[in-house]
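Chemist: Input structure: work-v7.txt, which contains compact mmCIF, C-alpha atoms and all ligand atoms.
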```txt
# COMPACT_ATOMS: atom_id res chain seq x y z
CA MET A 167 0.00 0.00 0.00
CA SER A 168 1.25 3.49 -0.89
CA LEU A 169 -0.27 6.87 -0.09
CA ARG A 170 -1.46 7.03 -3.73
CA ASP A 171 -3.32 3.74 -3.28
CA ARG A 172 -4.78 4.81 0.04
CA LEU A 173 -5.97 8.15 -1.39
CA ALA A 174 -7.39 6.44 -4.48
CA ALA A 175 -9.38 4.05 -2.25
CA GLN A 176 -10.58 6.93 -0.08
CA ILE A 177 -11.70 8.92 -3.15
CA ALA A 178 -13.36 5.88 -4.74
CA ALA A 179 -15.37 5.37 -1.55
CA GLY A 180 -16.10 8.94 -0.47
CA GLY A 181 -15.65 11.17 -3.52
CA PRO A 182 -13.04 13.78 -4.45
CA ILE A 183 -11.05 15.59 -1.74
CA SER A 184 -10.05 19.26 -1.56
CA VAL A 185 -6.52 20.39 -2.40
CA ALA A 186 -6.12 21.24 1.31
CA GLN A 187 -7.01 17.66 2.30
CA PHE A 188 -4.62 16.36 -0.37
CA MET A 189 -1.80 18.60 0.94
CA SER A 190 -2.42 17.51 4.54
CA ALA A 191 -2.26 13.85 3.58
CA CYS A 192 0.86 14.27 1.42
CA LEU A 193 2.74 16.24 4.06
CA HIS A 194 1.51 14.79 7.33
CA ASP A 195 -0.06 11.34 6.88
CA PRO A 196 1.47 9.48 9.86
CA ASP A 197 2.51 6.49 7.71
CA PHE A 198 3.38 8.03 4.35
CA GLY A 199 3.45 11.84 4.76
CA TYR A 200 6.48 13.71 3.45
CA TYR A 201 7.40 15.30 6.78
CA ALA A 202 6.40 12.24 8.80
CA THR A 203 8.75 9.94 6.89
CA ARG A 204 11.76 11.81 5.53
CA PRO A 205 13.82 14.78 6.53
CA ALA A 206 14.63 15.76 2.93
CA ILE A 207 16.02 19.25 3.45
CA GLY A 208 19.44 20.30 2.17
CA GLU A 209 21.65 19.79 -0.89
CA ALA A 210 21.14 16.02 -0.80
CA GLY A 211 17.38 16.36 -0.26
CA ASP A 212 14.57 18.04 -2.17
CA PHE A 213 15.07 21.74 -1.41
CA ILE A 214 17.29 24.16 0.49
CA THR A 215 16.24 27.11 2.59
CA ALA A 216 17.78 30.46 3.51
CA PRO A 217 19.54 29.25 6.69
CA MET A 218 21.30 26.65 4.53
CA VAL A 219 22.30 29.23 1.95
CA SER A 220 24.32 31.14 4.54
CA GLN A 221 24.99 31.45 8.26
CA MET A 222 24.34 35.20 7.79
CA PHE A 223 20.58 34.59 7.67
CA GLY A 224 20.38 33.00 11.13
CA GLU A 225 22.94 35.39 12.57
CA LEU A 226 20.86 38.40 11.60
CA LEU A 227 17.73 36.79 13.02
CA GLY A 228 19.72 36.31 16.23
CA VAL A 229 20.61 40.00 16.21
CA TRP A 230 16.94 40.79 15.59
CA ALA A 231 15.88 38.60 18.54
CA ALA A 232 18.42 40.21 20.88
CA ALA A 233 17.45 43.73 19.80
CA SER A 234 13.76 42.87 20.23
CA TRP A 235 14.45 41.67 23.77
CA GLU A 236 16.17 45.02 24.47
CA LEU A 237 13.28 47.01 22.99
CA MET A 238 10.77 45.05 25.09
CA GLY A 239 12.57 46.30 28.20
CA GLN A 240 14.83 43.31 28.81
CA PRO A 241 12.24 40.99 30.42
CA ASP A 242 13.64 38.39 32.85
CA GLU A 243 12.11 35.62 30.76
CA VAL A 244 11.05 35.33 27.12
CA ARG A 245 9.79 32.33 25.22
CA LEU A 246 12.11 32.00 22.21
CA VAL A 247 10.15 29.79 19.81
CA GLU A 248 10.95 28.51 16.35
CA MET A 249 8.11 26.89 14.46
CA GLY A 250 9.02 24.40 11.73
CA PRO A 251 12.75 24.37 12.52
CA GLY A 252 13.81 21.92 9.79
CA ASP A 253 17.26 20.49 10.48
CA GLY A 254 17.94 22.99 13.30
CA THR A 255 20.46 25.10 11.37
CA LEU A 256 18.53 28.34 11.89
CA MET A 257 18.10 27.96 15.65
CA GLY A 258 21.76 26.91 15.88
CA ASP A 259 22.86 30.17 14.24
CA ILE A 260 20.43 32.20 16.35
CA LEU A 261 21.71 30.69 19.62
CA LYS A 262 25.34 31.10 18.53
CA THR A 263 24.67 34.80 17.88
CA LEU A 264 22.85 35.25 21.19
CA ARG A 265 26.06 34.27 22.98
CA HIS A 266 27.12 37.85 22.18
CA ALA A 267 23.98 39.10 23.99
CA PRO A 268 24.19 37.12 27.26
CA GLY A 269 21.25 38.93 28.88
CA ALA A 270 18.92 37.89 26.07
CA LEU A 271 20.36 34.38 25.99
CA ASP A 272 19.87 33.90 29.74
CA ALA A 273 16.28 35.14 29.48
CA ALA A 274 15.46 32.79 26.61
CA ASP A 275 13.41 29.67 27.28
CA VAL A 276 13.89 27.95 23.92
CA TRP A 277 11.14 25.88 22.26
CA LEU A 278 10.88 24.20 18.89
CA VAL A 279 7.42 23.52 17.47
CA GLU A 280 7.87 20.54 15.17
CA THR A 281 5.48 17.89 13.87
CA SER A 282 8.06 15.71 12.11
CA ALA A 283 9.71 12.94 14.16
CA PRO A 284 12.72 12.52 11.82
CA LEU A 285 13.36 16.27 11.85
CA ARG A 286 13.07 16.39 15.66
CA ALA A 287 15.85 13.81 15.76
CA LEU A 288 18.07 16.00 13.54
CA GLN A 289 17.29 19.05 15.67
CA ALA A 290 18.21 17.14 18.83
CA ASP A 291 21.56 16.15 17.31
CA ARG A 292 22.33 19.73 16.40
CA LEU A 293 20.94 21.63 19.39
CA GLY A 294 21.17 19.19 22.30
CA GLU A 295 19.99 20.09 25.76
CA ARG A 296 19.27 23.77 25.21
CA VAL A 297 15.82 23.30 23.61
CA GLN A 298 12.42 21.75 24.32
CA TRP A 299 9.88 20.49 21.79
CA ALA A 300 6.17 20.98 21.30
CA GLN A 301 3.76 19.60 18.72
CA SER A 302 1.90 22.90 18.42
CA LEU A 303 2.23 26.48 19.69
CA THR A 304 -0.65 25.81 22.12
CA GLU A 305 1.64 23.38 23.98
CA VAL A 306 4.29 26.06 24.55
CA PRO A 307 3.63 27.63 27.97
CA ASP A 308 2.28 31.18 27.80
CA GLY A 309 2.51 33.98 30.37
CA VAL A 310 5.82 35.60 29.30
CA PRO A 311 6.66 37.63 26.17
CA LEU A 312 7.18 35.70 22.96
CA ILE A 313 9.95 35.97 20.38
CA LEU A 314 8.91 33.66 17.56
CA ILE A 315 10.50 32.84 14.24
CA ALA A 316 9.13 30.63 11.46
CA ASN A 317 10.97 30.33 8.15
CA GLU A 318 9.10 28.51 5.38
CA LEU A 319 6.34 27.19 7.61
CA LEU A 320 3.34 29.08 6.17
CA ASP A 321 3.99 27.61 2.72
CA CYS A 322 3.48 24.04 3.91
CA LEU A 323 0.15 24.73 5.61
CA PRO A 324 -2.73 23.40 3.49
CA ALA A 325 -4.69 25.66 1.13
CA ARG A 326 -7.91 25.26 -0.83
CA GLN A 327 -8.02 26.29 -4.47
CA PHE A 328 -10.99 27.72 -6.34
CA VAL A 329 -11.22 28.14 -10.10
CA ARG A 330 -13.44 30.76 -11.78
CA THR A 331 -15.30 29.00 -14.57
CA ALA A 332 -17.51 30.59 -17.21
CA VAL A 333 -20.49 30.12 -14.88
CA GLY A 334 -18.97 31.02 -11.50
CA TRP A 335 -16.55 29.70 -8.88
CA ALA A 336 -15.85 25.97 -8.43
CA GLU A 337 -13.51 24.26 -6.00
CA GLN A 338 -10.49 22.46 -7.41
CA VAL A 339 -10.51 18.91 -6.06
CA VAL A 340 -8.47 15.74 -6.40
CA GLY A 341 -10.49 12.84 -7.82
CA LEU A 342 -9.91 9.84 -10.07
CA ASP A 343 -9.83 9.78 -13.87
CA ALA A 344 -11.27 7.01 -16.06
CA ASP A 345 -8.11 4.91 -15.52
CA GLY A 346 -8.32 5.24 -11.75
CA GLU A 347 -5.37 7.68 -11.59
CA LEU A 348 -5.40 10.75 -9.35
CA ALA A 349 -6.61 13.76 -11.35
CA PHE A 350 -7.66 17.34 -10.69
CA GLY A 351 -11.31 18.17 -11.20
CA LEU A 352 -13.86 20.80 -10.25
CA ALA A 353 -16.71 20.61 -7.76
CA SER A 354 -19.45 23.10 -6.95
CA THR A 355 -18.81 25.01 -3.74
CA PRO A 356 -20.95 26.76 -1.13
CA ALA A 357 -18.07 29.27 -0.79
CA ALA A 358 -18.81 30.61 -4.31
CA GLY A 359 -20.74 33.66 -3.12
CA LEU A 360 -17.94 34.68 -0.76
CA LEU A 361 -15.13 34.72 -3.33
CA PRO A 362 -13.97 37.87 -5.14
CA ASP A 363 -15.00 38.74 -8.67
CA ALA A 364 -12.58 37.42 -11.29
CA ALA A 365 -12.26 36.56 -14.97
CA PRO A 366 -12.83 32.94 -16.07
CA GLY A 367 -9.70 30.83 -15.64
CA GLN A 368 -8.44 32.67 -12.56
CA VAL A 369 -7.42 30.58 -9.52
CA PHE A 370 -8.02 31.84 -5.98
CA GLU A 371 -6.25 30.22 -3.03
CA GLN A 372 -7.44 30.32 0.53
CA SER A 373 -5.57 28.84 3.48
CA PRO A 374 -7.60 28.74 6.69
CA ALA A 375 -4.55 27.13 8.36
CA GLN A 376 -2.29 30.08 7.47
CA ALA A 377 -4.86 32.58 8.75
CA ALA A 378 -5.29 30.49 11.91
CA LEU A 379 -1.55 30.66 12.54
CA GLY A 380 -1.63 34.47 12.14
CA ALA A 381 -4.50 34.61 14.63
CA GLU A 382 -2.85 32.25 17.12
CA VAL A 383 0.47 34.10 17.08
CA GLY A 384 -1.33 37.47 17.16
CA ALA A 385 -3.50 36.50 20.13
CA ARG A 386 -0.52 35.21 22.06
CA ILE A 387 1.42 38.41 21.44
CA ALA A 388 -1.58 40.64 22.21
CA ALA A 389 -1.86 38.87 25.60
CA ASP A 390 1.80 38.33 26.57
CA GLY A 391 3.72 40.88 24.48
CA GLY A 392 6.53 40.13 22.07
CA ALA A 393 7.14 39.84 18.36
CA ALA A 394 7.16 37.18 15.65
CA LEU A 395 8.71 36.92 12.20
CA LEU A 396 7.01 34.72 9.61
CA ILE A 397 9.31 34.43 6.61
CA ASP A 398 8.22 32.86 3.34
CA TYR A 399 7.72 33.28 -0.35
CA GLY A 400 4.32 34.68 -0.95
CA ARG A 401 2.04 37.42 -2.08
CA ALA A 402 2.07 40.95 -0.74
CA GLU A 403 -1.40 41.85 -2.03
CA PRO A 404 -4.57 39.77 -2.21
CA GLY A 405 -4.52 38.17 -5.65
CA PHE A 406 -5.03 35.24 -7.96
CA GLY A 407 -2.81 32.46 -9.23
CA ASP A 408 -2.17 28.73 -8.87
CA THR A 409 0.93 28.47 -6.66
CA LEU A 410 0.69 24.78 -5.70
CA GLN A 411 4.15 23.35 -6.27
CA ALA A 412 5.84 20.01 -5.68
CA LEU A 413 9.64 19.73 -5.43
CA ARG A 414 11.63 16.51 -5.55
CA ARG A 415 15.41 16.56 -5.73
CA HIS A 416 15.30 20.33 -6.44
CA GLU A 417 13.09 19.78 -9.53
CA LYS A 418 9.45 20.79 -9.94
CA VAL A 419 7.27 17.70 -10.38
CA ASP A 420 3.56 17.06 -10.89
CA PRO A 421 1.90 17.50 -7.44
CA LEU A 422 -0.20 14.37 -8.06
CA ASP A 423 2.82 12.20 -8.91
CA ARG A 424 3.90 9.86 -6.06
CA PRO A 425 2.02 11.60 -3.22
CA GLY A 426 4.06 11.95 -0.03
CA GLU A 427 7.38 11.76 -1.89
CA ALA A 428 7.76 15.45 -2.73
CA ASP A 429 7.62 18.70 -0.78
CA LEU A 430 4.28 20.33 -1.52
CA THR A 431 3.80 24.06 -0.99
CA VAL A 432 1.65 27.08 -1.81
CA HIS A 433 2.58 30.74 -1.52
CA ALA A 434 2.07 32.37 1.85
CA ASP A 435 -0.98 34.64 1.89
CA PHE A 436 0.52 37.51 3.89
CA PRO A 437 -2.51 39.82 3.62
CA ALA A 438 -4.72 37.11 5.19
CA VAL A 439 -2.15 36.26 7.88
CA MET A 440 -1.70 39.94 8.85
CA ALA A 441 -5.45 40.60 8.84
CA ALA A 442 -5.97 37.63 11.19
CA ALA A 443 -3.27 38.90 13.57
CA ARG A 444 -4.64 42.44 13.57
CA ALA A 445 -8.18 41.17 14.19
CA VAL A 446 -7.06 39.80 17.57
CA GLY A 447 -5.24 42.94 18.69
CA ALA A 448 -1.65 42.56 17.42
CA SER A 449 0.13 44.85 14.97
CA ALA A 450 1.49 43.46 11.69
CA ALA A 451 3.75 44.65 8.89
CA PHE A 452 6.00 43.15 6.24
CA LEU A 453 9.19 43.89 4.33
CA THR A 454 10.76 42.01 1.46
CA GLN A 455 13.52 39.67 2.62
CA GLY A 456 16.10 41.74 0.75
CA GLU A 457 15.02 44.94 2.50
CA PHE A 458 14.80 43.28 5.92
CA LEU A 459 18.28 41.75 5.68
CA ALA A 460 19.77 45.00 4.33
CA ARG A 461 18.27 46.94 7.27
CA MET A 462 19.62 44.34 9.71
CA GLY A 463 23.11 44.87 8.32
CA ILE A 464 23.77 41.91 6.02
CA GLY A 465 26.14 44.06 3.92
CA GLN A 466 28.38 44.78 6.90
CA ARG A 467 28.20 41.17 8.08
CA ALA A 468 29.29 39.94 4.65
CA GLU A 469 32.21 42.40 4.67
CA ALA A 470 33.29 41.16 8.11
CA LEU A 471 33.17 37.53 6.96
CA VAL A 472 35.18 38.37 3.86
CA ALA A 473 37.77 40.27 5.94
CA ALA A 474 38.13 37.21 8.20
CA ALA A 475 38.44 34.77 5.26
CA PRO A 476 39.46 36.57 2.02
CA ASN A 477 39.70 33.25 0.18
CA ARG A 478 35.90 32.90 0.61
CA THR A 479 35.08 36.25 -1.02
CA GLY A 480 33.39 34.63 -4.04
CA VAL A 481 31.33 32.19 -1.96
CA ILE A 482 30.14 34.85 0.46
CA GLY A 483 29.28 37.18 -2.43
CA ARG A 484 27.17 34.47 -4.06
CA GLN A 485 25.40 33.72 -0.76
CA LEU A 486 24.64 37.41 -0.30
CA THR A 487 23.23 37.66 -3.83
CA ARG A 488 21.07 34.56 -3.32
CA LEU A 489 19.54 35.95 -0.14
CA ILE A 490 18.90 39.57 -1.16
CA ALA A 491 18.93 40.02 -4.97
CA THR A 492 15.51 40.92 -6.36
CA ASP A 493 15.69 38.16 -8.97
CA GLU A 494 16.63 35.56 -6.34
CA MET A 495 15.14 35.34 -2.80
CA GLY A 496 15.20 39.08 -2.05
CA GLU A 497 11.84 40.09 -3.46
CA LEU A 498 9.64 36.98 -3.63
CA PHE A 499 10.41 36.16 0.00
CA LYS A 500 8.79 38.44 2.58
CA VAL A 501 9.42 38.91 6.27
CA CYS A 502 6.15 39.49 8.11
CA ALA A 503 6.35 40.90 11.65
CA ILE A 504 3.48 40.36 14.08
CA HIS A 505 4.14 42.39 17.20
CA SER A 506 2.78 44.03 20.28
CA PRO A 507 1.16 47.40 19.44
CA ASP A 508 3.28 48.95 22.25
CA TRP A 509 6.57 48.90 20.33
CA THR A 510 7.97 48.34 16.86
CA PRO A 511 10.53 45.60 16.24
CA PRO A 512 13.92 46.31 14.67
CA ALA A 513 13.86 47.00 10.89
CA PHE A 514 10.09 47.61 10.80
CA GLU A 515 10.10 51.26 11.94
CA ASP A 516 8.39 52.56 8.77
CA ALA A 517 6.93 49.30 7.43
CA GLU A 518 3.19 48.76 6.99
C1 LIG B 1 10.24 23.87 4.64
S1 LIG B 1 10.72 23.26 6.18
C2 LIG B 1 11.52 24.73 6.83
C3 LIG B 1 12.67 24.39 7.70
C4 LIG B 1 13.41 25.51 8.38
N1 LIG B 1 12.55 26.51 8.96
C5 LIG B 1 14.40 26.16 7.46
O1 LIG B 1 14.28 27.33 7.21
O2 LIG B 1 15.30 25.46 7.00
C6 LIG B 1 9.20 23.19 7.06
C7 LIG B 1 9.31 22.80 8.51
O3 LIG B 1 8.03 22.94 9.13
C8 LIG B 1 7.68 21.72 9.79
N2 LIG B 1 6.23 21.68 9.79
C9 LIG B 1 5.40 21.42 8.77
N3 LIG B 1 4.11 21.57 9.14
C10 LIG B 1 4.14 21.95 10.44
C11 LIG B 1 3.15 22.27 11.40
N4 LIG B 1 1.85 22.24 11.09
N5 LIG B 1 3.54 22.66 12.64
C12 LIG B 1 4.86 22.71 12.96
N6 LIG B 1 5.86 22.41 12.09
C13 LIG B 1 5.49 22.03 10.86
C14 LIG B 1 8.40 20.68 8.99
O4 LIG B 1 8.52 19.46 9.65
C15 LIG B 1 9.74 21.39 8.77
O5 LIG B 1 10.53 21.37 9.94
```
Could you render the structure from this file as structure tokens?

Modeler:
Amino acid sequence: MSLRDRLAAQIAAGGPISVAQFMSACLHDPDFGYYATRPAIGEAGDFITAPMVSQMFGELLGVWAAASWELMGQPDEVRLVEMGPGDGTLMGDILKTLRHAPGALDAADVWLVETSAPLRALQADRLGERVQWAQSLTEVPDGVPLILIANELLDCLPARQFVRTAVGWAEQVVGLDADGELAFGLASTPAAGLLPDAAPGQVFEQSPAQAALGAEVGARIAADGGAALLIDYGRAEPGFGDTLQALRRHEKVDPLDRPGEADLTVHADFPAVMAAARAVGASAAFLTQGEFLARMGIGQRAEALVAAAPNRTGVIGRQLTRLIATDEMGELFKVCAIHSPDWTPPAFEDAE
């Protein structure tokens, strides 16, 4: 039995499933889900992320965390939380940087929110005793200010897709074709009246799970204080487009091909995430990744690394370009801050 066979049997018995249900199964099915079965991050895996491009990414997030702690008035205790920490590289670089800010490091009670057992094992190898794990943010104790970071988590939360046909909106679903293979199809939807006006052919994505994360983080921060950074590729304005993507061995593949064996993502819907956070009393703003990293001093950090190791000038230059150039990760990736209305986190002074 494979996940494809199990999904085909489920669809044959109960009818087509939504794209969100398909994503959940592919990513999190306890027996066959991508994250449940394989930690496939890194050069040898299916995709690489910013912390793996360069140590500078995590170092600057560490500087941001320390400066946020200062701006909050140096609380005796903060909950330093990373959601979706992958192989632990990012938290490793953050903690290494916080050694230069001992007050912030001492105050930090460090938690990783991770659903994947194989990735938890990698994180434990890398980070050891300093961290604790939770299955969801709800499990992380509240009552003290929060400093939360999540890089490329929003994009793996499930989304529904709607397609505007000549006669109105329909939901994109995963069903079976005449040969019994998984195939996309359309189903009528009660949500039709709630969706925006659009030309036939347009695709509209909606991720209740992304909005729920914005609301959960926002509510926590509205109650306890603090700030969060949600970093991802995604849209800055509400809009249309089919962004469902499957990556295997760094190549785009058909999302329906070998379910559970590829990383499946959609773009982060930052307008929806920020609206959900604001609705529960937090403030929210975003910058492009390039702008955020420039404001945090990535240029100076790159110069310092080059000065310390001139033979790595070319490598460090390429890493810098990858992270901040507008035609690489600098523009498509956004850094969304959700924060207490009482103060503005570093780099976001004039952001909206
Ligand atoms: C694309 S990886 C990003 C890894 C890491 N943040 C980085 O930048 O390298 C997504 C991470 O989110 C985790 N994850 C996926 N869904 C999750 C959920 N609902 N709650 C918590 N973690 C989740 C995955 O197991 C993985 O660690």

Chemist: Residues up to 9 Å from ligand LIG 1 (chain B), counting only C-alpha atoms and all ligand atoms: could you list those as a PDB file with C-alpha atoms, in the coordinates of the input?

Modeler:
```pdb
ATOM      1  CA  SER A 190      -2.420  17.510   4.540  1.00  0.00           C
ATOM      2  CA  LEU A 193       2.740  16.240   4.060  1.00  0.00           C
ATOM      3  CA  HIS A 194       1.510  14.790   7.330  1.00  0.00           C
ATOM      4  CA  TYR A 200       6.480  13.710   3.450  1.00  0.00           C
ATOM      5  CA  TYR A 201       7.400  15.300   6.780  1.00  0.00           C
ATOM      6  CA  ALA A 202       6.400  12.240   8.800  1.00  0.00           C
ATOM      7  CA  PRO A 205      13.820  14.780   6.530  1.00  0.00           C
ATOM      8  CA  ILE A 207      16.020  19.250   3.450  1.00  0.00           C
ATOM      9  CA  GLY A 208      19.440  20.300   2.170  1.00  0.00           C
ATOM     10  CA  PHE A 213      15.070  21.740  -1.410  1.00  0.00           C
ATOM     11  CA  ILE A 214      17.290  24.160   0.490  1.00  0.00           C
ATOM     12  CA  THR A 215      16.240  27.110   2.590  1.00  0.00           C
ATOM     13  CA  ALA A 216      17.780  30.460   3.510  1.00  0.00           C
ATOM     14  CA  PRO A 217      19.540  29.250   6.690  1.00  0.00           C
ATOM     15  CA  MET A 218      21.300  26.650   4.530  1.00  0.00           C
ATOM     16  CA  GLU A 248      10.950  28.510  16.350  1.00  0.00           C
ATOM     17  CA  MET A 249       8.110  26.890  14.460  1.00  0.00           C
ATOM     18  CA  GLY A 250       9.020  24.400  11.730  1.00  0.00           C
ATOM     19  CA  PRO A 251      12.750  24.370  12.520  1.00  0.00           C
ATOM     20  CA  GLY A 252      13.810  21.920   9.790  1.00  0.00           C
ATOM     21  CA  ASP A 253      17.260  20.490  10.480  1.00  0.00           C
ATOM     22  CA  GLY A 254      17.940  22.990  13.300  1.00  0.00           C
ATOM     23  CA  THR A 255      20.460  25.100  11.370  1.00  0.00           C
ATOM     24  CA  LEU A 256      18.530  28.340  11.890  1.00  0.00           C
ATOM     25  CA  MET A 257      18.100  27.960  15.650  1.00  0.00           C
ATOM     26  CA  LEU A 278      10.880  24.200  18.890  1.00  0.00           C
ATOM     27  CA  VAL A 279       7.420  23.520  17.470  1.00  0.00           C
ATOM     28  CA  GLU A 280       7.870  20.540  15.170  1.00  0.00           C
ATOM     29  CA  THR A 281       5.480  17.890  13.870  1.00  0.00           C
ATOM     30  CA  SER A 282       8.060  15.710  12.110  1.00  0.00           C
ATOM     31  CA  ALA A 283       9.710  12.940  14.160  1.00  0.00           C
ATOM     32  CA  PRO A 284      12.720  12.520  11.820  1.00  0.00           C
ATOM     33  CA  LEU A 285      13.360  16.270  11.850  1.00  0.00           C
ATOM     34  CA  ARG A 286      13.070  16.390  15.660  1.00  0.00           C
ATOM     35  CA  ALA A 300       6.170  20.980  21.300  1.00  0.00           C
ATOM     36  CA  GLN A 301       3.760  19.600  18.720  1.00  0.00           C
ATOM     37  CA  SER A 302       1.900  22.900  18.420  1.00  0.00           C
ATOM     38  CA  LEU A 303       2.230  26.480  19.690  1.00  0.00           C
ATOM     39  CA  ILE A 315      10.500  32.840  14.240  1.00  0.00           C
ATOM     40  CA  ALA A 316       9.130  30.630  11.460  1.00  0.00           C
ATOM     41  CA  ASN A 317      10.970  30.330   8.150  1.00  0.00           C
ATOM     42  CA  GLU A 318       9.100  28.510   5.380  1.00  0.00           C
ATOM     43  CA  LEU A 319       6.340  27.190   7.610  1.00  0.00           C
ATOM     44  CA  LEU A 320       3.340  29.080   6.170  1.00  0.00           C
ATOM     45  CA  ASP A 321       3.990  27.610   2.720  1.00  0.00           C
ATOM     46  CA  CYS A 322       3.480  24.040   3.910  1.00  0.00           C
ATOM     47  CA  LEU A 323       0.150  24.730   5.610  1.00  0.00           C
ATOM     48  CA  PRO A 324      -2.730  23.400   3.490  1.00  0.00           C
ATOM     49  CA  ALA A 375      -4.550  27.130   8.360  1.00  0.00           C
ATOM     50  CA  ILE A 397       9.310  34.430   6.610  1.00  0.00           C
ATOM     51  CA  ASP A 429       7.620  18.700  -0.780  1.00  0.00           C
ATOM     52  CA  THR A 431       3.800  24.060  -0.990  1.00  0.00           C
TER      53      THR A 431
END
```

Chemist: What does the distance from CA of Phe328 in chain A to CA of Asp435 in chain A come to in Å, to one decimal?

Modeler: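 These two atoms are separated by 14.7 Å.
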
Chemist: For CA of Glu382 in chain A and CA of Ala513 in chain A, quote the distance in Å rounded to one decimal.

Modeler: 23.1 Å

Chemist: Give me, as a list in words, all polymer residues having an atom no more than 10 Å from Asp390 in chain A, counting only C-alpha atoms and skipping those fewer than 5 positions away in the same chain.

Modeler: Val244, Asp308, Gly309, Val310, Pro311, Leu312, Gly384, Ala385 and Ser506 of chain A

Chemist: Compare A:Val297, A:Leu489, A:Ala178, A:Val306 by their minimum atom-to-atom distance to Glu347 in chain A, counting all atoms listed in the file, and give me the closest one.

Modeler: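 Looking only at the distances to Glu347 in chain A, the closest residue turns out to be A:Ala178.
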
Chemist: Extract, using only C-alpha atoms, all DNA, RNA and protein residues at most 8 Å from Ser234 in chain A, discarding same-chain residues fewer than 2 positions from it, and format them as a list in words.

Modeler: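 Here the answer would be Trp230, Ala231, Ala232, Glu236, Leu237, Met238, Ile313, Gly392, Ala393, Pro511 and Pro512 of chain A.
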
Chemist: With only C-alpha atoms as the counted atoms, please give the residues lying no more than 12 Å from range 329-341 of chain A, apart from itself and same-chain residues fewer than 3 positions off, as a ChimeraX atom specification.

Modeler: /A:170,173-189,191,325-326,344-372,406-408,410,421-422,425

Chemist: Kindly give the distance, in Å, that separates CA of Ala270 in chain A and CA of Ile464 in chain A, rounded to a single decimal.

Modeler: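 Between CA of Ala270 in chain A and CA of Ile464 in chain A the gap works out to 21.0 Å.
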
Chemist: With distances taken over all atoms listed in the file, which of A:Gly426, A:Gly483, A:Pro241, A:Gly496 is nearest to Ser220 in chain A?

Modeler: A:Gly483

Chemist: Would you pick out the contacts of Arg414 in chain A at 8 Å or less, using all atoms listed in the file, so that residues sharing its chain but fewer than 2 positions from it are not included, and give the list as a JSON list (two decimals) with C-alpha atoms, keeping the file's coordinate frame?

Modeler:
```
[["chain", "number", "residue", "atom", "x", "y", "z"],
["A", 211, "GLY", "CA", 17.38, 16.36, -0.26],
["A", 212, "ASP", "CA", 14.57, 18.04, -2.17],
["A", 213, "PHE", "CA", 15.07, 21.74, -1.41],
["A", 412, "ALA", "CA", 5.84, 20.01, -5.68],
["A", 416, "HIS", "CA", 15.30, 20.33, -6.44],
["A", 417, "GLU", "CA", 13.09, 19.78, -9.53],
["A", 418, "LYS", "CA", 9.45, 20.79, -9.94],
["A", 419, "VAL", "CA", 7.27, 17.70, -10.38],
["A", 427, "GLU", "CA", 7.38, 11.76, -1.89],
["A", 428, "ALA", "CA", 7.76, 15.45, -2.73],
["A", 429, "ASP", "CA", 7.62, 18.70, -0.78]]
```

Chemist: Between A:Phe514, A:Phe458, A:Phe436, A:Trp299, which one has atoms that come closest to Ile490 in chain A, using all atoms listed in the file?

Modeler: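 The closest residue to Ile490 in chain A is A:Phe458.
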